[in-house]
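Report on one structure; see the data block that follows.
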2 protein chains.
Amino acid sequence: MTTTLPTNARIDVGALADLLDGRWADIRRRTRNLALEPRYRRTLGLSMAEHRARVREQAQALADSGEVQRAFPSRLGGADNPGGNIAGFEELVVADPSLQIKAGVQWGLFGAAVLHLGTAYHHEEFLPGIMSMAVPGCFAMTETGHGSDVASIGTTATYDADAEEFVIHTPTRSAWKEYIGNAAVDGVAAVVFAQLVTRGVDHGVHAFYVPLRDTAGERDEHGAYPYLPGVGGEDDGLKGGLLGVDNGRLHFDQVRIPRRNLLDKYAEVAADGEYSSPIDSPGRRFFTMLGTLVQGRVSLGGSSVATSKIALSTAIRYGNERRQFTTSDPHTESVILDYGAHQRRLLPLLARTYAAAFLHDTLLERFHGVFSGEHETDADREDLETLAAASKALSTWLALDVVQTSREACGGAGYMAENGLVGLHQDMDVYVTFEGDNTVLLQLVGKRLLTDYGREMATMDVAGAVRYVADRAGDMALHRTPLRRASQSIRDWGSRARSAEELREPATQRELLEDRVEAMVEVIAGKLRAVQKASAAEQAAAFNAHQHELIEAARAHGELMQWEAFTAGIARTSDPTTKQVLTWLRDLFGLATIEKNLAWYLVNGRLSAQRARTVTSYIERLLVRLRPHAEDLVDAFGYSAELIGAPIGTGAEGERQDEAQAYYRELRASGQEPVTEKALRAREKKAARAARAS
Amino acid sequence: MTTTLPTNARIDVGALADLLDGRWADIRRRTRNLALEPRYRRTLGLSMAEHRARVREQAQALADSGEVQRAFPSRLGGADNPGGNIAGFEELVVADPSLQIKAGVQWGLFGAAVLHLGTAYHHEEFLPGIMSMAVPGCFAMTETGHGSDVASIGTTATYDADAEEFVIHTPTRSAWKEYIGNAAVDGVAAVVFAQLVTRGVDHGVHAFYVPLRDTAGERDEHGAYPYLPGVGGEDDGLKGGLLGVDNGRLHFDQVRIPRRNLLDKYAEVAADGEYSSPIDSPGRRFFTMLGTLVQGRVSLGGSSVATSKIALSTAIRYGNERRQFTTSDPHTESVILDYGAHQRRLLPLLARTYAAAFLHDTLLERFHGVFSGEHETDADREDLETLAAASKALSTWLALDVVQTSREACGGAGYMAENGLVGLHQDMDVYVTFEGDNTVLLQLVGKRLLTDYGREMATMDVAGAVRYVADRAGDMALHRTPLRRASQSIRDWGSRARSAEELREPATQRELLEDRVEAMVEVIAGKLRAVQKASAAEQAAAFNAHQHELIEAARAHGELMQWEAFTAGIARTSDPTTKQVLTWLRDLFGLATIEKNLAWYLVNGRLSAQRARTVTSYIERLLVRLRPHAEDLVDAFGYSAELIGAPIGTGAEGERQDEAQAYYRELRASGQEPVTEKALRAREKKAARAARAS
């Protein structure tokens with residue numbers, strides 16, 4: 001593969017856009033372009049009440065035009081298209097993240113819970129109203145006292161066999177449902193998660209369909225119907241962003257609902273109170289029910305990727321026209337993207353955004369496979385959940401990084417609300433802690449890595465362990481972590497005198513990235529094994545001491561998955577220039593990831609000091625090569641300046657500069673331009689010298 | 001020094017608070033406590049217009065009560081106390097950052113420009129109205145086309161000797177004044193920066209007092225007086241935060257002002273148009289004028305330190321009461337600050353905040369020295385500017401890091417506006433790019449490091465250079481960068497088998513931190529020297545290629561200064577427990593900084609792989625030691641829960657947990673507690689086994 005391109009070589013933006021938009025490109029583009037319609041365009045400066053009202057209308061418009069029901073059954077007016085549905089949903093972020101979350105609450109959480117946890121009765125009875133938004137509703141899982149730890153929620157649903165009803169009850173203040181979208185005003189029903197108690201036995205968390213408000217009553221001044229007896233709540237009020245979504249709190253005082261309102265796909269309670277479930281283990285049952293709700297994580301990760309694309313589009317377009325400080329020629333200033341430091345800020349983030357986009361595409365295909373029933377084994381579901389957790393954590397944090405860096409890279413203009421960046425930060429901020437706090441999600445991934453490691457190790461005798469680790473030769477699949485080479489690699493890497501050239505070899509990058517995940521997991525496993533016969537408290541302490549490392553191992557695993565997906569994406573391109581530029585970008589992603597963890601590679605003997613230096617110098621060369629393609633690479637994201645609507649992304653800055661240059665040109669030509677004091681001094685000195693000389 | 005303390009040892013919070021609040025503790029506390037008064041308390045949910053109106057009233061109240069005039073001359077009602085004035089100003093952030101910036105615009109920029117760039121006439125004529133806020137005004141420096149590059153602004157002030165007037169003019173759209181506080185509504189006058197042209201010569205940027213609005217006219221619906229003839233402007237409208245400040249744009253169409261309105265401390269124009277200045281060099285004159293405005297950078301850095309303190313107070317107090325996930329005992333959950341990962345997130349930021357606070361204290365003393373006239377040499381001013389640039393960049397970025405991490409560490413509660421964290425992010429965001437973009441400021445620092453290096457090198461013959469570098473033994477002063485050891489150290493560090501114990505030695509930490517700054521500067525200087533005879537374009541290209549490294553060297557320099565200041569602060573404590581805990585915290589700061597750059601130390605042979613491992617393990621031990629003192633360490637900041645006013649910092653969470661625990665205790669005692677399915681299964685299995693056995 002060449003390392004230079006003709007200076008006028010350009011990537012094939014259209015073909016790259018097709019690759020990035022993937023299988024559901026038509027739905028993506030259709031939804032993205034909704035942001036061009038005035039009724040969906042974000043209006044700045046609305047009060048919270050006005051923003052809520054506008055988003056409510058927008059969501060209704062989406063429902064009326066059939067844009068948001070693709071995941072639901074065809075027989076009810078849906079399209080049985082879970083993947084396409086998510087693809088479209090993700091693009092709502094360009095219109096307004098509040099609209100996206102409002103839609104997510106209604107169809108992605110409330111509706112999806114009824115669809116995936118309920119059965120035919122619930123589908124026929126409840127889905128039509130949910131799909132049309134005739135019944136706006138809530139997904140009432142989180143409680144004030146229990147965020148990430150859903151298993152510990154306090155709300156109870158106690159079965160009363162005499163009345164054939166469940167009694168929903170909030171026993172303490174900490175068991176109030178909290179941060180619930182649609183709860184403050186619009187929601188008239190909810191899927192409520194509660195501990196199911198029947199015949200004196202607590203069967204753990206289950207989901208119930210619970211009417212909240214009396215739609216026959218009169219709306220209050222905020223537009224809310226009155227609560228039904230026993231139901232109460234509060235408005236969460238102002239948040240950091242997403243002000244178009246009416247989040248609130250809910251509580252229940254012995255609220256009775258029919259027995260049939262238990263969403264009973266995974267557990268039934270007979271009229272006499274007998275409990276039964278197709279899943280025997282209470283733990284597995286709980287995780288299966290929660291697992292059906294993975295689409296929230298999948299779609300938030302995808303929305304974050306879209307957000308990163310939007311922010312970089314603005315920052316790179318502006319960096320390509322904004323001038324500041326003169327270069328060697330005093331009459332023209334460099335555009336700021338020509339500065340080395342500016343490239344260092346933005347281009348690695350561009351590479352990470354591509355990597356996140358390719359992994360998300362892989363994830364979305366896998367999601368569609370499971371939820372369309374094409375690939376629906378337990379292993380498929382388990383892998384999907386692990387990948388979704390890793391991808392969501394990495395993508396949402398990346399988006400905050402990208403948005404903040406983009407805002408700073410645009411200087412004061414980046415701080416103006418009209419340019420969109422500050423609003424994106426405000427709205428996306430919560431994505432890193434809702435639908436699974438990112439640190440908790442990465443711990444789940446880390447535990448999965450440890451479990452896989454344990455499974456491998458359990459199948460052989462202890463004496464064979466080292467040989468096993470050293471000999472294993474299979475490739476790492478996208479979702480598994482065979483721990484090959486761990487002991488051998490130390491021997492290998494330290495002594496082999498590899499050339500710097502090798503860093504651009506995909507095999508070298510993969511090996512370095514894989515090796516780190518494997519070795520980190522092995523070290524943690526070893527430390528936990530050392531205390532496996534100790535007391536529970538000592539085991540917990542040992543786990544706690546390595547919690548940070550486990551999270552780092554999970555992050556490294558996610559980055560490896562991103563690298564793999566990026567590499568697979570390049571294989572699907574055919575235009576040679578595009579392939580070359582993407583390869584550089586992938587190398588930048590790979591090497592920047594290695595550079596970030598360079599100390600690990602050095603301490604663990606995977607890279608010599610000599611080779612470590614070449615990592616940074618190769619990155620510098622890549623930045624120079626990629627710089628001319630930066631704007632094409634963001635154009636391929638498909639978010640035009642018009643779509644984004646930020647005045648700084650539209651060429652206005654360039655026009656102002658042209659006007660200024662023309663003014664000074666004319667002034668000079670007119671002979672009216674003042675001479676600068678500095679030039680005058682120089683002229684006088686020269687004249688004095690000449691006088692002395694003559 | 002011991003490495004353990006009795007388990008009940010507590011730091012002396014009061015004494016530590018005195019140390020942190022420093023020389024002007026009384027003013028700090030007085031101003032901080034203003035936030036307890038209802039009239040200064042931030043009201044959430046105001047519209048932009050309401051917020052502006054409230055902040056305007058608050059600023060007037062500050063003026064009326066004499067809280068903001070301390071920097072001005074005693075004879076005009078001030079206190080000739082530049083340091084104390086800044087100390088108080090910084091604390092306004094706890095009331096509302098918008099109030100702080102409004103005050104900063106009026107007294108710190110507009111007023112300070114008149115004070116420092118004007119002379120007796122301007123002081124008598126303009127300061128009383130500025131001090132009382134009878135004349136709200138603007139500091140009109142930045143233009144749409146020129147942010148950080150002030151020397152290139154386009155606005156002109158052309159002297160008309162016939163009329164004895166300056167003509168202020170905006171020649172192009174890109175020369176509009178932009179992001180100007182007070183410009184949208186309140187400002188009736190401005191200090192305008194413009195290129196001074198007289199007798200056909202452009203003498204560069206100077207400052208002029210320019211009336212903007214006709215106070216005899218009628219206010220419009222926003223409360224603004226009409227513009228004077230030739231003046232025009234626009235409202236910047238919505239920003240990412242600071243909505244209580246009315247930023248706007250200004251432009252001038254041949255606006256005439258009296259000759260005396262030139263602020264003429266550093267340059268005069270006689271009636272006949274003759275220009276004169278006590279500073280001969282136009283370049284030095286420009287930097288001297290700008291240098292008088294350093295207080296903006298000093299005070300924004302200090303406000304950012306205060307912000308970090310506030311955010312950490314909330315996050316650490318909440319982390320010390322919030323429980324999540326069960327520990328080995330299923331009935332109690334750990335508080336989240338007990339988790340290793342949570343400590344890793346928050347405690348290094350606590351250490352960095354202490355380091356930033358100590359450096360800011362040093363800076364403020366130095367600022368007071370220069371501006372009170374106690375230490376006012378050119379070298380003092382130059383050092384002050386360098387230190388202010390480094391400290392402002394590091395502190396403002398730290399604040400964003402701390403606020404964001406604190407918000408995430410508080411989960412969903414962190415996203416609620418009432419808890420203050422999201423608002424702090426929105427407001428402080430712009431601090432990293434205004435009053436000098438942080439990346440530009442770090443480049444200034446880097447250039448100063450290079451200049452100092454060049455000065456050292458210029459004094460000796462080239463042949464002696466290596467010996468010089470190797471032999472030099474003097475200590476690094478706070479503000480200089482002698483480049484000792486650079487070549488020798490590689491020999492030294494790599495081979496000496498130092499014990500891990502040494503990492504806790506201040507001398508070792510200092511050596512490692514110093515060494516990195518020195519070696520980085522030397523490498524960049526060497527690369528620039530290699531092209532010193534090349535073309536201007538090649539030289540610019542070489543500089544550009546090392547721009548990122550220069551910024552990193554400047555950051556490393558700033559961190560070294562923070563470490564030095566922290567160490568000096570510890571020397572001023574007497575209570576042994578406090579001294580010990582602060583020493584651990586300083587070690588955490590030093591080692592976390594070294595850990596962040598561990599690859600550099602390894603690649604450059606300063607640390608062996610073996611010793612590098614001990615860096616991380618020592619950090620882990622420090623986290624465990626510091627954890628019990630975390631809440632005392634934030635209490636010493638002096639921001640009580642009442643002052644901050646965030647509901648999550650008040651113990652409410654602990655009360656809810658107590659209520660829940662009491663409920664479950666009672667339920668169990670009553671015999672009504674349902675048995676869990678899991679426990680029931682276990683019981684049944686046991687019974688079955690017993691039945692089989694009998």
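Chain labels A, B, ... are given in the sequence in which chains occur in the structure tokens; within each chain residues are numbered consecutively from 1, and ligands are likewise numbered from 1 in the order shown.
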Starting from chain B, keep only residues with some atom at most 6 Å from an atom of chain A, counting only C-alpha atoms, and report them as a compact mmCIF listing (two decimals) with all heavy atoms, in the first residue's frame.
```txt
# COMPACT_ATOMS: atom_id res chain seq x y z
N ASP B 149 -5.74 37.33 18.62
CA ASP B 149 -4.72 38.14 17.96
C ASP B 149 -5.09 39.62 18.01
O ASP B 149 -5.51 40.21 17.01
CB ASP B 149 -4.57 37.65 16.52
CG ASP B 149 -3.45 38.36 15.79
OD1 ASP B 149 -2.66 39.06 16.45
OD2 ASP B 149 -3.38 38.20 14.56
N THR B 172 -14.80 47.18 8.45
CA THR B 172 -15.36 45.96 7.82
C THR B 172 -16.22 45.21 8.84
O THR B 172 -16.12 45.44 10.05
CB THR B 172 -14.24 44.99 7.37
OG1 THR B 172 -13.57 44.51 8.55
CG2 THR B 172 -13.22 45.67 6.46
N SER B 174 -15.79 42.22 9.77
CA SER B 174 -14.97 41.39 10.67
C SER B 174 -14.34 42.24 11.77
O SER B 174 -13.77 41.70 12.71
CB SER B 174 -13.91 40.63 9.88
OG SER B 174 -12.89 41.49 9.46
N GLY B 200 -0.93 60.22 9.35
CA GLY B 200 -0.68 59.17 8.35
C GLY B 200 0.11 57.98 8.86
O GLY B 200 0.47 57.09 8.09
N VAL B 201 0.37 57.94 10.16
CA VAL B 201 1.11 56.80 10.71
C VAL B 201 0.21 55.99 11.65
O VAL B 201 -0.50 56.56 12.49
CB VAL B 201 2.38 57.27 11.47
CG1 VAL B 201 3.12 56.08 12.06
CG2 VAL B 201 3.29 58.06 10.53
N ASP B 202 0.25 54.68 11.50
CA ASP B 202 -0.51 53.78 12.36
C ASP B 202 0.38 53.35 13.52
O ASP B 202 1.34 52.60 13.33
CB ASP B 202 -0.96 52.57 11.52
CG ASP B 202 -1.75 51.57 12.34
OD1 ASP B 202 -1.74 51.65 13.58
OD2 ASP B 202 -2.38 50.68 11.72
N HIS B 203 0.06 53.81 14.72
CA HIS B 203 0.91 53.52 15.88
C HIS B 203 0.47 52.27 16.64
O HIS B 203 0.96 52.01 17.73
CB HIS B 203 0.94 54.74 16.82
CG HIS B 203 1.66 55.91 16.23
ND1 HIS B 203 3.02 56.04 16.26
CD2 HIS B 203 1.20 56.97 15.50
CE1 HIS B 203 3.40 57.14 15.63
NE2 HIS B 203 2.30 57.73 15.15
N LEU B 238 -28.51 34.19 23.02
CA LEU B 238 -28.26 33.04 23.89
C LEU B 238 -26.84 32.53 23.76
O LEU B 238 -26.32 32.35 22.68
CB LEU B 238 -29.22 31.91 23.53
CG LEU B 238 -30.67 32.12 23.96
CD1 LEU B 238 -31.53 31.04 23.31
CD2 LEU B 238 -30.81 32.06 25.47
N LYS B 239 -26.26 32.25 24.91
CA LYS B 239 -24.93 31.65 24.96
C LYS B 239 -25.03 30.31 25.68
O LYS B 239 -26.10 29.91 26.15
CB LYS B 239 -23.98 32.58 25.72
CG LYS B 239 -23.95 34.02 25.20
CD LYS B 239 -22.92 34.88 25.88
CE LYS B 239 -23.11 35.08 27.36
NZ LYS B 239 -24.23 35.95 27.74
N GLY B 240 -23.89 29.64 25.81
CA GLY B 240 -23.89 28.35 26.52
C GLY B 240 -24.18 28.48 27.99
O GLY B 240 -24.60 27.52 28.64
N PHE B 325 -25.65 -0.69 45.39
CA PHE B 325 -25.20 -2.09 45.30
C PHE B 325 -24.83 -2.62 46.70
O PHE B 325 -24.24 -1.92 47.50
CB PHE B 325 -24.02 -2.29 44.35
CG PHE B 325 -24.41 -2.11 42.92
CD1 PHE B 325 -24.04 -0.96 42.23
CD2 PHE B 325 -25.17 -3.07 42.27
CE1 PHE B 325 -24.42 -0.78 40.90
CE2 PHE B 325 -25.54 -2.89 40.94
CZ PHE B 325 -25.16 -1.74 40.26
N SER B 328 -20.86 -7.41 50.88
CA SER B 328 -20.99 -8.81 51.33
C SER B 328 -22.17 -8.96 52.28
O SER B 328 -22.86 -9.96 52.29
CB SER B 328 -19.68 -9.26 51.99
OG SER B 328 -19.26 -8.28 52.92
N GLY B 340 -13.33 1.62 44.83
CA GLY B 340 -12.01 1.97 44.31
C GLY B 340 -12.11 2.87 43.09
O GLY B 340 -11.36 3.84 42.95
N ALA B 341 -13.03 2.56 42.19
CA ALA B 341 -13.14 3.34 40.95
C ALA B 341 -13.60 4.77 41.25
O ALA B 341 -13.16 5.72 40.60
CB ALA B 341 -14.10 2.67 39.98
N GLY B 411 -24.35 10.93 39.32
CA GLY B 411 -25.39 10.26 38.54
C GLY B 411 -26.49 11.22 38.11
O GLY B 411 -26.24 12.39 37.82
N TYR B 415 -27.36 15.78 37.29
CA TYR B 415 -27.91 16.42 36.09
C TYR B 415 -29.06 17.38 36.44
O TYR B 415 -29.52 18.13 35.59
CB TYR B 415 -28.40 15.34 35.12
CG TYR B 415 -28.65 15.83 33.70
CD1 TYR B 415 -27.65 16.44 32.96
CD2 TYR B 415 -29.89 15.66 33.11
CE1 TYR B 415 -27.88 16.87 31.66
CE2 TYR B 415 -30.13 16.07 31.80
CZ TYR B 415 -29.12 16.68 31.08
OH TYR B 415 -29.35 17.10 29.79
N MET B 416 -29.52 17.33 37.68
CA MET B 416 -30.61 18.23 38.08
C MET B 416 -30.04 19.62 38.32
O MET B 416 -29.05 19.79 39.04
CB MET B 416 -31.28 17.72 39.36
CG MET B 416 -31.95 16.35 39.23
SD MET B 416 -33.32 16.32 38.02
CE MET B 416 -32.57 15.31 36.73
N ALA B 417 -30.68 20.63 37.75
CA ALA B 417 -30.15 21.99 37.85
C ALA B 417 -30.02 22.45 39.29
O ALA B 417 -29.07 23.15 39.63
CB ALA B 417 -31.06 22.95 37.07
N VAL B 422 -24.42 21.23 36.75
CA VAL B 422 -24.58 21.50 35.31
C VAL B 422 -24.50 23.00 35.01
O VAL B 422 -23.94 23.42 34.00
CB VAL B 422 -25.90 20.89 34.75
CG1 VAL B 422 -25.75 19.38 34.67
CG2 VAL B 422 -27.11 21.28 35.59
N THR B 433 -11.71 29.77 27.02
CA THR B 433 -11.34 30.45 25.77
C THR B 433 -11.38 31.97 25.84
O THR B 433 -10.88 32.61 24.93
CB THR B 433 -12.20 29.98 24.57
OG1 THR B 433 -13.59 30.10 24.90
CG2 THR B 433 -11.90 28.53 24.22
N ALA B 537 9.52 30.66 5.87
CA ALA B 537 8.46 29.65 5.74
C ALA B 537 8.87 28.33 6.37
O ALA B 537 8.08 27.68 7.05
CB ALA B 537 8.11 29.45 4.26
N ASN B 544 5.54 25.12 13.70
CA ASN B 544 4.21 24.52 13.65
C ASN B 544 4.25 23.03 13.97
O ASN B 544 3.39 22.49 14.67
CB ASN B 544 3.59 24.75 12.26
CG ASN B 544 2.10 24.49 12.24
OD1 ASN B 544 1.44 24.59 13.27
ND2 ASN B 544 1.59 24.12 11.08
N ALA B 545 5.29 22.37 13.47
CA ALA B 545 5.41 20.93 13.70
C ALA B 545 5.62 20.62 15.18
O ALA B 545 5.31 19.52 15.64
CB ALA B 545 6.55 20.36 12.87
N GLN B 547 4.43 22.68 17.68
CA GLN B 547 3.50 23.49 18.46
C GLN B 547 2.85 22.67 19.59
O GLN B 547 2.75 23.12 20.73
CB GLN B 547 2.42 24.04 17.52
CG GLN B 547 1.51 25.07 18.15
CD GLN B 547 0.40 25.49 17.20
OE1 GLN B 547 -0.01 24.72 16.31
NE2 GLN B 547 -0.10 26.69 17.37
N HIS B 548 2.43 21.47 19.25
CA HIS B 548 1.79 20.61 20.24
C HIS B 548 2.75 20.29 21.39
O HIS B 548 2.37 20.35 22.56
CB HIS B 548 1.32 19.33 19.54
CG HIS B 548 0.83 18.27 20.47
ND1 HIS B 548 -0.33 18.39 21.19
CD2 HIS B 548 1.36 17.07 20.81
CE1 HIS B 548 -0.50 17.31 21.93
NE2 HIS B 548 0.50 16.49 21.72
N LEU B 598 3.89 8.85 32.18
CA LEU B 598 4.81 7.76 32.48
C LEU B 598 5.59 7.30 31.25
O LEU B 598 6.78 6.98 31.33
CB LEU B 598 4.01 6.59 33.08
CG LEU B 598 4.74 5.63 33.99
CD1 LEU B 598 5.47 6.37 35.10
CD2 LEU B 598 3.74 4.64 34.60
N ALA B 599 4.91 7.30 30.11
CA ALA B 599 5.59 6.86 28.89
C ALA B 599 6.80 7.73 28.60
O ALA B 599 7.85 7.24 28.20
CB ALA B 599 4.63 6.87 27.71
N VAL B 603 10.42 6.21 28.06
CA VAL B 603 11.08 6.34 26.76
C VAL B 603 12.39 7.11 26.91
O VAL B 603 13.38 6.79 26.25
CB VAL B 603 10.14 7.07 25.76
CG1 VAL B 603 10.92 7.53 24.52
CG2 VAL B 603 9.00 6.16 25.36
N ALA B 609 11.24 0.28 34.10
CA ALA B 609 9.92 -0.35 34.12
C ALA B 609 9.55 -0.74 35.55
O ALA B 609 8.40 -0.59 35.98
CB ALA B 609 9.92 -1.58 33.21
N ARG B 656 -33.04 9.68 53.76
CA ARG B 656 -33.91 8.75 53.02
C ARG B 656 -33.47 7.31 53.25
O ARG B 656 -34.29 6.41 53.38
CB ARG B 656 -33.85 9.06 51.51
CG ARG B 656 -34.64 10.28 51.11
CD ARG B 656 -34.81 10.37 49.59
NE ARG B 656 -33.54 10.58 48.90
CZ ARG B 656 -33.06 11.77 48.55
NH1 ARG B 656 -33.73 12.88 48.84
NH2 ARG B 656 -31.92 11.87 47.92
N ALA B 660 -35.56 4.24 54.89
CA ALA B 660 -35.76 2.96 54.22
C ALA B 660 -35.29 1.80 55.09
O ALA B 660 -35.97 0.77 55.22
CB ALA B 660 -35.03 2.95 52.88
N PRO B 674 -41.92 -10.58 52.98
CA PRO B 674 -41.97 -11.76 52.10
C PRO B 674 -40.61 -12.42 52.02
O PRO B 674 -39.59 -11.75 52.09
CB PRO B 674 -42.39 -11.20 50.74
CG PRO B 674 -42.08 -9.75 50.78
CD PRO B 674 -42.11 -9.33 52.21
N VAL B 675 -40.61 -13.73 51.86
CA VAL B 675 -39.35 -14.44 51.66
C VAL B 675 -38.99 -14.30 50.18
O VAL B 675 -39.88 -14.27 49.32
CB VAL B 675 -39.48 -15.91 52.08
CG1 VAL B 675 -40.58 -16.62 51.27
CG2 VAL B 675 -38.16 -16.66 51.92
N THR B 676 -37.70 -14.17 49.85
CA THR B 676 -37.37 -14.06 48.43
C THR B 676 -37.40 -15.45 47.80
O THR B 676 -37.17 -16.46 48.46
CB THR B 676 -35.97 -13.46 48.21
OG1 THR B 676 -35.00 -14.38 48.69
CG2 THR B 676 -35.82 -12.13 48.93
N GLU B 677 -37.71 -15.46 46.52
CA GLU B 677 -37.78 -16.72 45.80
C GLU B 677 -36.46 -17.49 45.92
O GLU B 677 -36.44 -18.69 46.11
CB GLU B 677 -38.09 -16.45 44.32
CG GLU B 677 -38.27 -17.73 43.51
CD GLU B 677 -38.52 -17.45 42.03
OE1 GLU B 677 -39.01 -16.36 41.70
OE2 GLU B 677 -38.20 -18.34 41.22
```
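For the atom pair formed by atom CA of Arg572 of chain B and atom CA of Leu20 of chain B, the distance is 10.6 Å, given to one decimal.
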For Leu293 of chain A, please output as a short mmCIF file (atom, residue, chain, number, x, y, z; two decimals) with C-alpha atoms, in the first residue's frame all residues within 8 Å (counting only C-alpha atoms; exclusion window: fewer than 5 positions along the same chain).
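Generated output (result25.cif):
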```cif
data_model
loop_
_atom_site.label_atom_id
_atom_site.label_comp_id
_atom_site.auth_asym_id
_atom_site.auth_seq_id
_atom_site.Cartn_x
_atom_site.Cartn_y
_atom_site.Cartn_z
CA LEU A 109 -38.94 2.33 26.46
CA ALA A 112 -40.77 -1.55 23.84
CA ALA A 113 -41.44 -2.81 27.36
CA HIS A 116 -41.00 -7.33 24.67
#
```
**Asked** Hey, what does DSSP flag as alpha helix (DSSP H) within segment 351-595 of chain B? Can you give it to me as a ChimeraX atom specification?
**Response** /B:351-371,378-409,411-415,421-428,438-458,465-471,486-495,506-530,536-545,547-570,576-595
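Between atom CA of Pro128 of chain A and atom CA of Lys177 of chain A there is a distance of 25.5 Å.
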**Message:** Please determine, counting only C-alpha atoms, which residue among A:Asn81, A:Ser132, A:Ser313, A:Thr119 has the shortest atom-to-atom distance to Lys265 of chain A.
**Reply:**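 For Lys265 of chain A, the nearest of the given residues is A:Thr119.
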**Request:** Go ahead and compute the interatomic distance for atom CA of Asp80 of chain B and atom CA of Ala134 of chain B, in Å to one decimal.
**Result:** 20.9 Å
**Request:** Kindly indicate which residue among B:Ala157, B:Leu394, B:Ala389, B:Ile644 lies nearest to Asn33 of chain B, using only C-alpha atoms for the distances.
**Result:**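 Once distances to Asn33 of chain B are computed over only C-alpha atoms, the minimum belongs to B:Ile644.
When only C-alpha atoms are used to measure the gap to Asn320 of chain B, the shortest distance among B:Ile336, B:Ala568, B:Ala120, B:Ala641 belongs to B:Ile336.
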**Prompt:** Which one is closest to Tyr209 of chain B: B:Leu117, B:Ala79, B:Val231, B:Ala553? Count only C-alpha atoms.
**Reply:** B:Leu117
